[in-house]
>>> print(open('upload-v1.cif').read())   # mmCIF, C-alpha atoms and all ligand atoms
data_input
#
loop_
_atom_site.label_atom_id
_atom_site.label_comp_id
_atom_site.auth_asym_id
_atom_site.auth_seq_id
_atom_site.Cartn_x
_atom_site.Cartn_y
_atom_site.Cartn_z
CA MET L 797 6.43 70.14 -25.49
CA LYS L 798 4.08 72.92 -24.46
CA PRO L 799 5.37 75.32 -21.80
CA ILE L 800 4.05 75.34 -18.26
CA ILE L 801 2.34 78.68 -17.66
CA ALA L 802 2.24 80.10 -14.14
CA PRO L 803 0.37 83.42 -13.84
CA SER L 804 1.64 85.45 -10.89
CA ILE L 805 -1.15 86.36 -8.50
CA LEU L 806 0.92 89.37 -7.36
CA ALA L 807 -0.42 91.28 -10.36
CA ALA L 808 -4.05 90.31 -9.67
CA ASP L 809 -6.75 92.50 -8.16
CA PHE L 810 -6.49 91.65 -4.44
CA ALA L 811 -9.92 93.09 -3.74
CA ASN L 812 -11.32 90.38 -6.03
CA LEU L 813 -8.98 87.51 -5.30
CA GLN L 814 -11.60 84.79 -5.64
CA ARG L 815 -12.61 86.08 -9.06
CA GLU L 816 -8.96 86.24 -10.16
CA VAL L 817 -8.27 82.69 -8.98
CA THR L 818 -11.40 81.51 -10.81
CA THR L 819 -10.09 83.16 -13.98
CA ILE L 820 -6.86 81.18 -13.65
CA ASN L 821 -8.84 78.01 -12.90
CA GLU L 822 -10.81 78.45 -16.11
CA SER L 823 -7.73 79.23 -18.19
CA GLN L 824 -5.08 76.97 -19.67
CA ALA L 825 -2.63 77.97 -16.94
CA ASP L 826 -0.87 75.08 -15.25
CA TRP L 827 0.16 76.56 -11.90
CA ILE L 828 -0.54 79.66 -9.83
CA HIS L 829 2.66 81.52 -8.97
CA VAL L 830 2.53 83.03 -5.48
CA ASP L 831 5.14 85.65 -4.53
CA VAL L 832 5.91 86.07 -0.84
CA MET L 833 8.04 89.11 0.08
CA ASP L 834 9.25 90.00 3.56
CA GLY L 835 10.55 93.56 3.22
CA VAL L 836 14.01 92.32 4.25
CA PHE L 837 15.29 90.04 1.50
CA VAL L 838 13.52 92.32 -0.97
CA PRO L 839 12.43 95.94 -0.42
CA ASN L 840 8.74 95.13 -0.80
CA ILE L 841 6.16 93.32 1.35
CA SER L 842 3.48 91.36 -0.53
CA PHE L 843 1.25 89.05 1.51
CA GLY L 844 1.50 86.11 3.85
CA ILE L 845 -0.08 82.92 5.10
CA PRO L 846 -3.78 83.92 5.46
CA VAL L 847 -3.86 85.18 1.88
CA ILE L 848 -2.26 81.98 0.57
CA LYS L 849 -4.84 79.93 2.48
CA ALA L 850 -7.60 82.00 0.87
CA ILE L 851 -6.11 81.41 -2.59
CA LYS L 852 -5.77 77.68 -1.89
CA LYS L 853 -9.43 77.45 -0.94
CA HIS L 854 -10.45 78.35 -4.49
CA ALA L 855 -7.47 77.18 -6.55
CA LYS L 856 -7.85 74.20 -8.86
CA LYS L 857 -4.20 74.40 -9.96
CA PRO L 858 -1.06 73.72 -7.93
CA LEU L 859 0.42 76.61 -5.96
CA ASP L 860 3.98 77.45 -7.01
CA VAL L 861 5.14 79.48 -4.01
CA HIS L 862 8.20 81.71 -4.48
CA LEU L 863 9.65 82.79 -1.15
CA MET L 864 11.55 86.08 -1.24
CA ILE L 865 12.25 85.95 2.48
CA VAL L 866 15.34 85.57 4.64
CA GLN L 867 15.82 82.26 6.45
CA PRO L 868 13.04 80.51 4.53
CA GLU L 869 13.86 77.27 6.39
CA ARG L 870 11.92 78.64 9.38
CA TYR L 871 8.63 78.51 7.48
CA ILE L 872 8.64 75.32 5.42
CA GLU L 873 5.90 73.49 7.36
CA THR L 874 3.86 76.68 7.56
CA PHE L 875 3.77 77.06 3.79
CA ARG L 876 2.96 73.38 3.32
CA GLU L 877 -0.01 73.80 5.65
CA ALA L 878 -1.07 76.94 3.81
CA GLY L 879 -1.29 74.92 0.60
CA ALA L 880 2.03 75.19 -1.27
CA ASP L 881 2.64 72.35 -3.73
CA LEU L 882 6.01 73.60 -4.93
CA LEU L 883 8.19 75.75 -2.70
CA SER L 884 11.12 77.80 -4.01
CA VAL L 885 13.68 79.44 -1.77
CA HIS L 886 16.43 81.84 -2.81
CA ILE L 887 19.98 80.55 -2.93
CA GLU L 888 21.02 83.97 -1.57
CA ALA L 889 18.69 83.65 1.45
CA SER L 890 19.35 80.18 2.83
CA THR L 891 22.74 79.48 4.43
CA HIS L 892 22.26 75.70 4.55
CA LEU L 893 20.51 75.34 1.23
CA HIS L 894 21.05 71.59 0.91
CA ARG L 895 19.30 70.97 4.21
CA THR L 896 16.49 73.36 3.31
CA ILE L 897 15.85 71.45 0.08
CA GLN L 898 15.67 68.14 1.96
CA GLN L 899 13.23 69.69 4.43
CA ILE L 900 10.96 70.91 1.64
CA LYS L 901 10.87 67.45 0.10
CA ALA L 902 10.35 65.76 3.46
CA ALA L 903 7.35 68.04 4.01
CA GLY L 904 5.84 66.60 0.82
CA MET L 905 6.42 69.47 -1.60
CA LYS L 906 8.42 69.82 -4.76
CA ALA L 907 11.58 71.83 -4.15
CA GLY L 908 12.75 74.83 -6.13
CA VAL L 909 15.72 77.14 -5.86
CA ALA L 910 15.48 80.74 -7.07
CA ILE L 911 18.50 82.72 -8.24
CA ASN L 912 18.88 86.46 -8.58
CA PRO L 913 20.14 88.05 -11.81
CA HIS L 914 23.64 88.50 -10.33
CA THR L 915 23.99 84.90 -9.16
CA ALA L 916 26.03 82.60 -11.38
CA VAL L 917 24.29 79.49 -12.65
CA SER L 918 27.39 77.47 -11.65
CA GLN L 919 26.48 78.01 -7.97
CA LEU L 920 23.62 75.54 -8.47
CA SER L 921 25.82 72.65 -9.55
CA ASP L 922 25.88 70.83 -6.19
CA VAL L 923 22.13 70.96 -5.60
CA LEU L 924 20.74 70.59 -9.11
CA ALA L 925 20.30 66.82 -8.92
CA ASP L 926 18.20 67.24 -5.76
CA ILE L 927 15.70 69.81 -6.95
CA ASP L 928 12.59 69.90 -9.13
CA LEU L 929 12.84 73.46 -10.36
CA VAL L 930 15.16 76.43 -10.79
CA CYS L 931 13.36 79.76 -10.62
CA MET L 932 15.61 82.01 -12.64
CA MET L 933 14.91 85.66 -11.91
CA SER L 934 14.85 87.73 -15.08
CA VAL L 935 14.32 90.93 -13.02
CA ASN L 936 15.60 91.87 -9.57
CA PRO L 937 13.02 90.39 -7.22
CA GLY L 938 10.67 92.61 -5.25
CA PHE L 939 8.24 94.07 -7.74
CA GLY L 940 6.04 93.05 -10.62
CA GLY L 941 5.99 94.94 -13.89
CA GLN L 942 9.76 95.39 -14.33
CA LYS L 943 11.79 95.20 -17.51
CA PHE L 944 13.15 91.81 -18.57
CA ILE L 945 16.95 91.47 -18.27
CA GLU L 946 18.35 90.27 -21.61
CA ASN L 947 21.31 88.38 -20.07
CA THR L 948 18.73 85.78 -18.98
CA TYR L 949 18.88 84.04 -22.38
CA ARG L 950 22.56 83.28 -21.90
CA LYS L 951 21.94 82.03 -18.36
CA VAL L 952 19.13 79.72 -19.50
CA ALA L 953 21.38 78.12 -22.11
CA GLU L 954 24.11 77.67 -19.49
CA LEU L 955 21.68 76.17 -16.99
CA LYS L 956 20.32 73.78 -19.59
CA GLU L 957 23.84 72.41 -20.10
CA LEU L 958 24.50 72.13 -16.38
CA ILE L 959 21.20 70.27 -15.88
CA ALA L 960 22.25 67.73 -18.51
CA GLU L 961 25.75 67.41 -17.01
CA THR L 962 24.43 66.77 -13.51
CA LYS L 963 21.68 64.41 -14.75
CA SER L 964 19.14 66.64 -13.05
CA SER L 965 15.46 66.65 -13.98
CA ALA L 966 14.92 70.21 -12.74
CA LEU L 967 12.62 72.43 -14.76
CA ILE L 968 13.78 75.92 -15.73
CA GLU L 969 11.28 78.60 -14.71
CA ILE L 970 11.64 82.21 -15.84
CA ASP L 971 10.30 84.87 -13.49
CA GLY L 972 10.01 88.57 -14.30
CA GLY L 973 9.06 90.67 -17.30
CA VAL L 974 7.87 87.74 -19.41
CA ASN L 975 5.80 88.80 -22.40
CA GLN L 976 4.83 87.91 -25.97
CA GLU L 977 8.24 88.99 -27.33
CA ASN L 978 10.63 87.13 -25.02
CA ALA L 979 8.55 83.98 -24.41
CA LYS L 980 9.56 82.20 -27.61
CA PRO L 981 13.32 82.89 -27.41
CA LEU L 982 13.22 81.81 -23.74
CA LEU L 983 11.58 78.51 -24.63
CA ASP L 984 14.02 78.03 -27.51
CA ALA L 985 16.91 78.57 -25.08
CA GLY L 986 15.58 75.81 -22.81
CA ALA L 987 12.99 77.26 -20.43
CA HIS L 988 10.08 75.03 -19.38
CA VAL L 989 7.99 77.29 -17.14
CA LEU L 990 6.96 80.90 -17.76
CA VAL L 991 5.76 83.07 -14.89
CA ALA L 992 3.75 86.08 -16.05
CA GLY L 993 2.22 88.72 -13.82
CA ASN L 994 1.47 92.03 -15.42
CA PHE L 995 1.42 90.64 -18.93
CA VAL L 996 -1.55 88.45 -17.93
CA PHE L 997 -3.44 90.60 -15.43
CA SER L 998 -3.10 93.99 -17.06
CA SER L 999 -4.91 92.54 -20.06
CA SER L 1000 -8.67 92.89 -20.40
CA ASP L 1001 -8.71 89.20 -21.34
CA PRO L 1002 -6.23 87.28 -19.14
CA LYS L 1003 -7.50 83.89 -20.35
CA SER L 1004 -6.62 84.62 -23.96
CA VAL L 1005 -3.17 85.94 -22.96
CA ILE L 1006 -2.56 82.69 -21.08
CA GLN L 1007 -3.74 80.71 -24.10
CA LYS L 1008 -1.37 82.62 -26.40
CA LEU L 1009 1.57 81.94 -24.07
CA LYS L 1010 0.61 78.27 -23.95
CA GLU L 1011 0.56 78.03 -27.72
CA ILE L 1012 3.85 79.80 -28.42
C1 LIG L 1101 9.10 89.55 -8.79
C2 LIG L 1101 8.23 88.32 -8.69
C3 LIG L 1101 7.56 87.95 -9.97
C4 LIG L 1101 6.55 88.95 -10.47
C5 LIG L 1101 6.46 88.80 -11.95
O1 LIG L 1101 9.79 89.72 -7.61
O2 LIG L 1101 8.99 87.20 -8.29
O3 LIG L 1101 6.94 86.68 -9.87
O4 LIG L 1101 5.28 88.77 -9.91
O5 LIG L 1101 5.67 89.83 -12.43
P1 LIG L 1101 5.84 90.42 -13.88
O6 LIG L 1101 5.51 89.30 -14.84
O7 LIG L 1101 4.88 91.53 -13.92
O8 LIG L 1101 7.27 90.85 -14.05
ZN ZN L 1102 8.05 85.13 -8.43
#
>>> encode(input="upload-v1.cif", output="structure tokens")
Amino acid sequence: MKPIIAPSILAADFANLQREVTTINESQADWIHVDVMDGVFVPNISFGIPVIKAIKKHAKKPLDVHLMIVQPERYIETFREAGADLLSVHIEASTHLHRTIQQIKAAGMKAGVAINPHTAVSQLSDVLADIDLVCMMSVNPGFGGQKFIENTYRKVAELKELIAETKSSALIEIDGGVNQENAKPLLDAGAHVLVAGNFVFSSSDPKSVIQKLKEI
């Protein structure tokens, strides 16, 4: 099965957002990955609701919104209204994660849970059957363009087993430092979705980079 490719808009040229979204529309990308950072959960601040609405206005692909914010449960409806199709919250940021997941689904979105590099895959066991996606961080969240953490391969293999054990249908998404070299071993280990920011947007031809990732 071909991988799902989700270019991260964080690495795009914000002064030409419509053009960048059009590039993704015209590419073989499947989703648009949208990184929201609050300056509290992560050291960086990215963008918020008005920018997501602007992206949604032009996007022809589903918005895969990755919340790197504390207490994400406070904003579920807001992100639905802004245009999120899939909403991921961090396991480290939501005290009542099970309830948060139910709220995301009740709002009509697919539900994802993101885990930091230090978080054990086993911590997902009691929610895996309820979710559509695990966003596995392969860098420490907060910035694009960081180096891929090699331990991710082992975690993907472990998560694949746990997904089978719990009869979950969750997809495994890899987020951070994805490139031409690690994409294939990640897919071989069991990943389904590849997020790519700098690898796509620092290229002079993002569409062909997306195509290459799709055909790996
Ligand atoms: C990091 C974000 C990532 C980031 C990926 O906190 O969650 O989605 O945009 O960017 P690259 O592919 O450049 O590592
Ligand atoms: Zn992300």
>>> residues_around(input="upload-v1.cif", residues="Pro868 (chain L)", least_positions_apart="2", cutoff="12 Å", atoms="only C-alpha atoms", output="ChimeraX atom specification")
/L:832-834,836-837,861-866,870-875,883-893,895-897,899-900,909-910
>>> closest_residue(input="upload-v1.cif", among="L:Asp826, L:Asp928, L:Glu969, L:Glu877", to="Ile1006 (chain L)", atoms="only C-alpha atoms")
L:Asp826
>>> closest_residue(input="upload-v1.cif", among="L:Asn821, L:Gly973, L:Leu882, L:Pro913", to="Leu929 (chain L)", atoms="all atoms listed in the file")
L:Leu882
>>> atom_distance(input="upload-v1.cif", atom1="atom C5 of ligand LIG 1101 (chain L)", atom2="CA of Lys963 (chain L)")
28.9 Å
>>> closest_residue(input="upload-v1.cif", among="L:Gln824, L:Ser918, L:Gln867, L:Asn936", to="ligand ZN 1102 (chain L)", atoms="all atoms listed in the file")
L:Asn936
>>> atom_distance(input="upload-v1.cif", atom1="CA of Tyr949 (chain L)", atom2="CA of Ile820 (chain L)")
27.3 Å
>>> atom_distance(input="upload-v1.cif", atom1="CA of Ala966 (chain L)", atom2="CA of Pro839 (chain L)")
28.6 Å
>>> residues_near_ligand(input="upload-v1.cif", ligand="ligand LIG 1101 (chain L)", cutoff="8 Å", atoms="only C-alpha atoms and all ligand atoms", output="JSON, numbers by chain")
{"L": [803, 804, 805, 806, 807, 829, 830, 831, 833, 862, 864, 933, 935, 936, 937, 938, 939, 940, 941, 942, 943, 944, 971, 972, 973, 974, 975, 991, 992, 993, 994, 995, 996]}
>>> closest_residue(input="upload-v1.cif", among="L:Asp860, L:Glu954, L:Glu822, L:Glu946", to="ligand ZN 1102 (chain L)", atoms="all atoms listed in the file")
L:Asp860
>>> closest_residue(input="upload-v1.cif", among="L:Asn912, L:Gln1007, L:Ser999, L:Ser921", to="ligand ZN 1102 (chain L)", atoms="all atoms listed in the file")
L:Asn912
>>> closest_residue(input="upload-v1.cif", among="L:Val847, L:Ile800, L:Leu967, L:Ala953", to="Lys906 (chain L)", atoms="all atoms listed in the file")
L:Leu967
>>> decode(input="upload-v1.cif", residues="region 860-883 of chain L", atoms="N, CA, C and O atoms", output="compact mmCIF listing (two decimals), in the first residue's frame")
# COMPACT_ATOMS: atom_id res chain seq x y z
N ASP L 860 -4.79 17.86 8.60
CA ASP L 860 -4.31 16.99 9.69
C ASP L 860 -3.67 17.92 10.71
O ASP L 860 -2.52 18.32 10.57
N VAL L 861 -4.46 18.30 11.72
CA VAL L 861 -4.00 19.34 12.65
C VAL L 861 -3.34 18.71 13.88
O VAL L 861 -3.94 17.88 14.57
N HIS L 862 -2.11 19.11 14.13
CA HIS L 862 -1.29 18.58 15.23
C HIS L 862 -1.16 19.66 16.30
O HIS L 862 -0.46 20.64 16.10
N LEU L 863 -1.88 19.45 17.40
CA LEU L 863 -1.87 20.46 18.46
C LEU L 863 -0.72 20.23 19.42
O LEU L 863 -0.66 19.20 20.11
N MET L 864 0.20 21.18 19.47
CA MET L 864 1.27 21.14 20.48
C MET L 864 0.95 22.24 21.48
O MET L 864 1.64 23.26 21.58
N ILE L 865 -0.17 22.03 22.18
CA ILE L 865 -0.67 23.03 23.13
C ILE L 865 -1.09 22.33 24.42
O ILE L 865 -1.49 21.16 24.38
N VAL L 866 -1.00 23.05 25.54
CA VAL L 866 -1.50 22.48 26.79
C VAL L 866 -3.03 22.54 26.80
O VAL L 866 -3.64 23.36 26.12
N GLN L 867 -3.62 21.64 27.54
CA GLN L 867 -5.08 21.55 27.67
C GLN L 867 -5.80 21.67 26.31
O GLN L 867 -6.65 22.55 26.12
N PRO L 868 -5.47 20.81 25.38
CA PRO L 868 -6.07 20.92 24.04
C PRO L 868 -7.59 20.74 24.07
O PRO L 868 -8.29 21.23 23.17
N GLU L 869 -8.10 20.11 25.12
CA GLU L 869 -9.55 19.87 25.22
C GLU L 869 -10.36 21.17 25.22
O GLU L 869 -11.53 21.18 24.88
N ARG L 870 -9.70 22.28 25.55
CA ARG L 870 -10.42 23.57 25.58
C ARG L 870 -10.73 24.10 24.19
O ARG L 870 -11.51 25.04 24.03
N TYR L 871 -10.09 23.52 23.16
CA TYR L 871 -10.18 24.12 21.82
C TYR L 871 -10.72 23.19 20.74
O TYR L 871 -10.60 23.50 19.56
N ILE L 872 -11.31 22.08 21.15
CA ILE L 872 -11.72 21.08 20.14
C ILE L 872 -12.71 21.64 19.13
O ILE L 872 -12.52 21.55 17.92
N GLU L 873 -13.78 22.24 19.63
CA GLU L 873 -14.81 22.82 18.73
C GLU L 873 -14.21 23.91 17.84
O GLU L 873 -14.55 24.05 16.66
N THR L 874 -13.33 24.70 18.44
CA THR L 874 -12.72 25.81 17.71
C THR L 874 -11.94 25.31 16.50
O THR L 874 -12.02 25.88 15.40
N PHE L 875 -11.20 24.22 16.69
CA PHE L 875 -10.42 23.70 15.57
C PHE L 875 -11.31 23.02 14.54
O PHE L 875 -11.03 23.06 13.34
N ARG L 876 -12.39 22.40 15.00
CA ARG L 876 -13.36 21.84 14.04
C ARG L 876 -13.91 22.96 13.17
O ARG L 876 -13.96 22.86 11.94
N GLU L 877 -14.31 24.04 13.79
CA GLU L 877 -14.87 25.18 13.04
C GLU L 877 -13.84 25.80 12.10
O GLU L 877 -14.18 26.30 11.03
N ALA L 878 -12.59 25.75 12.50
CA ALA L 878 -11.53 26.32 11.65
C ALA L 878 -11.24 25.44 10.44
O ALA L 878 -10.61 25.88 9.48
N GLY L 879 -11.69 24.16 10.50
CA GLY L 879 -11.51 23.31 9.32
C GLY L 879 -10.70 22.05 9.52
O GLY L 879 -10.37 21.38 8.54
N ALA L 880 -10.39 21.69 10.77
CA ALA L 880 -9.63 20.45 10.99
C ALA L 880 -10.47 19.23 10.64
O ALA L 880 -11.65 19.16 10.97
N ASP L 881 -9.86 18.28 9.94
CA ASP L 881 -10.52 17.02 9.62
C ASP L 881 -10.04 15.92 10.57
O ASP L 881 -10.79 15.03 10.94
N LEU L 882 -8.78 16.02 10.93
CA LEU L 882 -8.17 15.08 11.87
C LEU L 882 -7.48 15.95 12.93
O LEU L 882 -6.77 16.89 12.57
N LEU L 883 -7.72 15.63 14.20
CA LEU L 883 -7.14 16.45 15.25
C LEU L 883 -6.31 15.57 16.19
O LEU L 883 -6.84 14.62 16.77
